[in-house]
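Shown next: upload.txt, containing compact mmCIF, C-alpha atoms.
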```txt
# COMPACT_ATOMS: atom_id res chain seq x y z
CA MET A 1 -39.92 -25.23 -41.34
CA PRO A 2 -39.26 -21.56 -42.02
CA ASN A 3 -37.20 -20.95 -38.86
CA ALA A 4 -34.96 -24.01 -39.14
CA PRO A 5 -31.26 -23.11 -39.26
CA HIS A 6 -29.63 -23.54 -42.64
CA HIS A 7 -26.14 -24.96 -43.10
CA ASP A 8 -24.98 -21.55 -44.35
CA ASP A 9 -25.85 -20.11 -40.94
CA HIS A 10 -22.78 -21.91 -39.58
CA PRO A 11 -19.88 -21.40 -41.99
CA ASP A 12 -17.45 -22.84 -39.43
CA VAL A 13 -19.38 -26.14 -39.45
CA SER A 14 -19.50 -26.18 -43.24
CA ALA A 15 -15.75 -25.54 -43.41
CA ALA A 16 -15.01 -28.31 -40.89
CA ASN A 17 -17.21 -30.73 -42.84
CA ALA A 18 -15.49 -29.79 -46.10
CA ARG A 19 -12.04 -30.38 -44.57
CA ALA A 20 -13.12 -33.76 -43.23
CA GLY A 21 -14.55 -34.67 -46.62
CA LEU A 22 -11.31 -33.79 -48.37
CA VAL A 23 -9.21 -35.80 -45.93
CA LEU A 24 -11.46 -38.84 -46.30
CA PHE A 25 -11.50 -38.42 -50.08
CA PHE A 26 -7.71 -38.53 -50.24
CA VAL A 27 -7.61 -41.57 -47.94
CA TYR A 28 -9.97 -43.41 -50.27
CA LEU A 29 -8.14 -42.10 -53.34
CA ALA A 30 -4.90 -43.63 -52.02
CA ALA A 31 -6.60 -47.02 -51.60
CA TYR A 32 -8.08 -46.80 -55.10
CA ALA A 33 -4.75 -45.69 -56.59
CA GLY A 34 -3.17 -48.77 -55.00
CA PHE A 35 -5.75 -50.96 -56.70
CA MET A 36 -5.23 -49.27 -60.06
CA GLY A 37 -1.45 -49.41 -59.65
CA LEU A 38 -1.57 -53.14 -59.02
CA ALA A 39 -3.84 -53.66 -62.01
CA ALA A 40 -1.60 -51.60 -64.29
CA PHE A 41 1.87 -52.58 -63.14
CA ALA A 42 1.46 -56.01 -61.53
CA PRO A 43 -1.51 -57.68 -63.22
CA GLN A 44 -0.17 -61.15 -62.37
CA ALA A 45 -0.46 -60.27 -58.68
CA MET A 46 -4.17 -59.55 -59.10
CA GLY A 47 -4.79 -63.19 -60.01
CA THR A 48 -3.11 -64.53 -56.89
CA PRO A 49 -5.53 -66.28 -54.47
CA VAL A 50 -5.44 -64.50 -51.12
CA LEU A 51 -8.62 -65.23 -49.18
CA ALA A 52 -10.36 -68.60 -49.28
CA GLY A 53 -9.27 -69.13 -52.86
CA VAL A 54 -10.58 -65.75 -54.05
CA ASN A 55 -8.04 -63.74 -56.03
CA LEU A 56 -6.59 -60.39 -55.00
CA ALA A 57 -8.56 -58.43 -57.62
CA ILE A 58 -11.92 -59.56 -56.25
CA THR A 59 -10.83 -59.26 -52.62
CA TYR A 60 -9.35 -55.78 -53.11
CA GLY A 61 -12.37 -54.65 -55.16
CA MET A 62 -14.82 -55.80 -52.52
CA GLY A 63 -12.62 -54.15 -49.91
CA LEU A 64 -12.89 -50.88 -51.84
CA ILE A 65 -16.68 -51.15 -51.87
CA VAL A 66 -16.83 -51.85 -48.14
CA GLY A 67 -14.23 -49.13 -47.58
CA ALA A 68 -16.41 -46.59 -49.40
CA LEU A 69 -19.31 -47.42 -47.08
CA VAL A 70 -17.05 -47.11 -44.04
CA VAL A 71 -15.67 -43.76 -45.24
CA ALA A 72 -19.25 -42.52 -45.80
CA ALA A 73 -20.25 -43.60 -42.28
CA ILE A 74 -17.19 -41.87 -40.80
CA TYR A 75 -18.03 -38.70 -42.73
CA MET A 76 -21.63 -38.76 -41.49
CA TRP A 77 -20.41 -39.23 -37.91
CA ILE A 78 -17.96 -36.33 -38.23
CA CYS A 79 -20.63 -34.05 -39.70
CA GLY A 80 -23.04 -34.95 -36.91
CA ARG A 81 -20.39 -34.31 -34.29
CA ASN A 82 -19.56 -30.94 -35.87
CA ALA A 83 -23.24 -29.95 -35.97
CA ARG A 84 -23.83 -31.02 -32.37
CA GLY A 85 -20.75 -29.09 -31.28
CA SER A 86 -22.00 -26.00 -33.08
CA LEU A 87 -25.42 -26.27 -31.41
CA ALA A 88 -23.80 -26.71 -28.00
CA ARG A 89 -21.74 -23.54 -28.49
CA GLY A 90 -24.81 -21.57 -29.55
CA PRO A 91 -25.06 -18.80 -32.12
CA ARG A 92 -21.92 -16.84 -32.86
CA ALA A 93 -21.71 -13.09 -33.02
CA PRO A 94 -21.07 -11.76 -36.52
CA ARG A 95 -17.41 -11.35 -37.37
CA ALA A 96 -16.12 -7.84 -37.75
CA GLU A 97 -14.51 -6.75 -41.00
CA VAL A 98 -11.44 -4.56 -41.26
CA SER A 99 -11.82 -1.52 -43.49
CA ALA A 100 -9.07 -0.17 -45.73
CA ARG A 101 -8.03 2.17 -42.91
CA GLY A 102 -7.85 -0.62 -40.34
CA ALA A 103 -11.05 0.30 -38.48
CA ARG A 104 -13.19 -2.64 -37.42
CA ARG A 105 -16.94 -2.63 -38.10
CA PRO A 106 -19.64 -5.28 -37.84
CA GLN A 107 -19.97 -7.54 -40.86
CA GLY A 108 -23.24 -6.06 -42.13
CA GLU A 109 -21.81 -2.53 -42.40
CA ALA A 110 -19.00 -3.21 -44.90
CA GLY A 111 -20.36 -0.90 -47.61
CA ARG A 112 -20.82 2.19 -45.42
```
The structure given in the file should be rewritten as structure tokens.
Amino acid sequence: MPNAPHHDDHPDVSAANARAGLVLFFVYLAAYAGFMGLAAFAPQAMGTPVLAGVNLAITYGMGLIVGALVVAAIYMWICGRNARGSLARGPRAPRAEVSARGARRPQGEAGR
């Protein structure tokens, strides 16, 4: 579809999606770092049965896999919400740029 809007047409949506992605990445990274920390510094704890006789390593590992799917679903929901919000607000006027002398001009006229 030649007239379909591209994600670059809405830099505010792309920026919001990138911020959400970074936040979710660091949330998952903390969970993974906890797993790696336990494996490195308390390996005996990883062998402890915690859920129906299954040890902590397997339980935590499966939790990380499920957690990755949950984080991906949350990210998709956030991106959809951001896109719907952008469509509801409609197209934005181009931002004005400030020249070296402080005069404001439309974004497309920066080189003049």
Among listed residues A:Val71, A:Gly47, A:Tyr60, A:Ser14, nearest Phe26 in chain A (using only C-alpha atoms): A:Val71
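In this structure, CA of Asn55 in chain A sits 12.8 Å away from CA of Leu38 in chain A.
The two atoms in question, CA of Val27 in chain A and CA of Gly67 in chain A, are spaced 10.1 Å apart.
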statement: In terms of all atoms listed in the file, the residue from A:Ala40, A:Ile78, A:Ala31, A:Ala16 at minimal distance from Gly61 in chain A is A:Ala31
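Counting from CA of Ala15 in chain A, the distance to CA of Gly85 in chain A is 13.6 Å.
If you measure from each of A:Leu51, A:Asp12, A:Gly37, A:Asn17 to Arg81 in chain A using all atoms listed in the file, the closest one turns out to be A:Asn17.
Across A:Leu64, A:Tyr75, A:Ser86, A:Leu56, the tightest approach to Ala33 in chain A is made by A:Leu64 when counting all atoms listed in the file.
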message: I'd like the contact shell of Leu24 in chain A - 10 Å cut-off, all atoms listed in the file, skipping same-chain residues fewer than 5 positions apart - returned as an MDAnalysis selection string.
response: chainID A and resid 18:19 29:30 68 71:72 74:75
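Residue nearest Ala57 in chain A within the list A:Gly80, A:Gly21, A:Pro11, A:Pro43: A:Pro43 [criterion: smallest interatomic distance, all atoms listed in the file].
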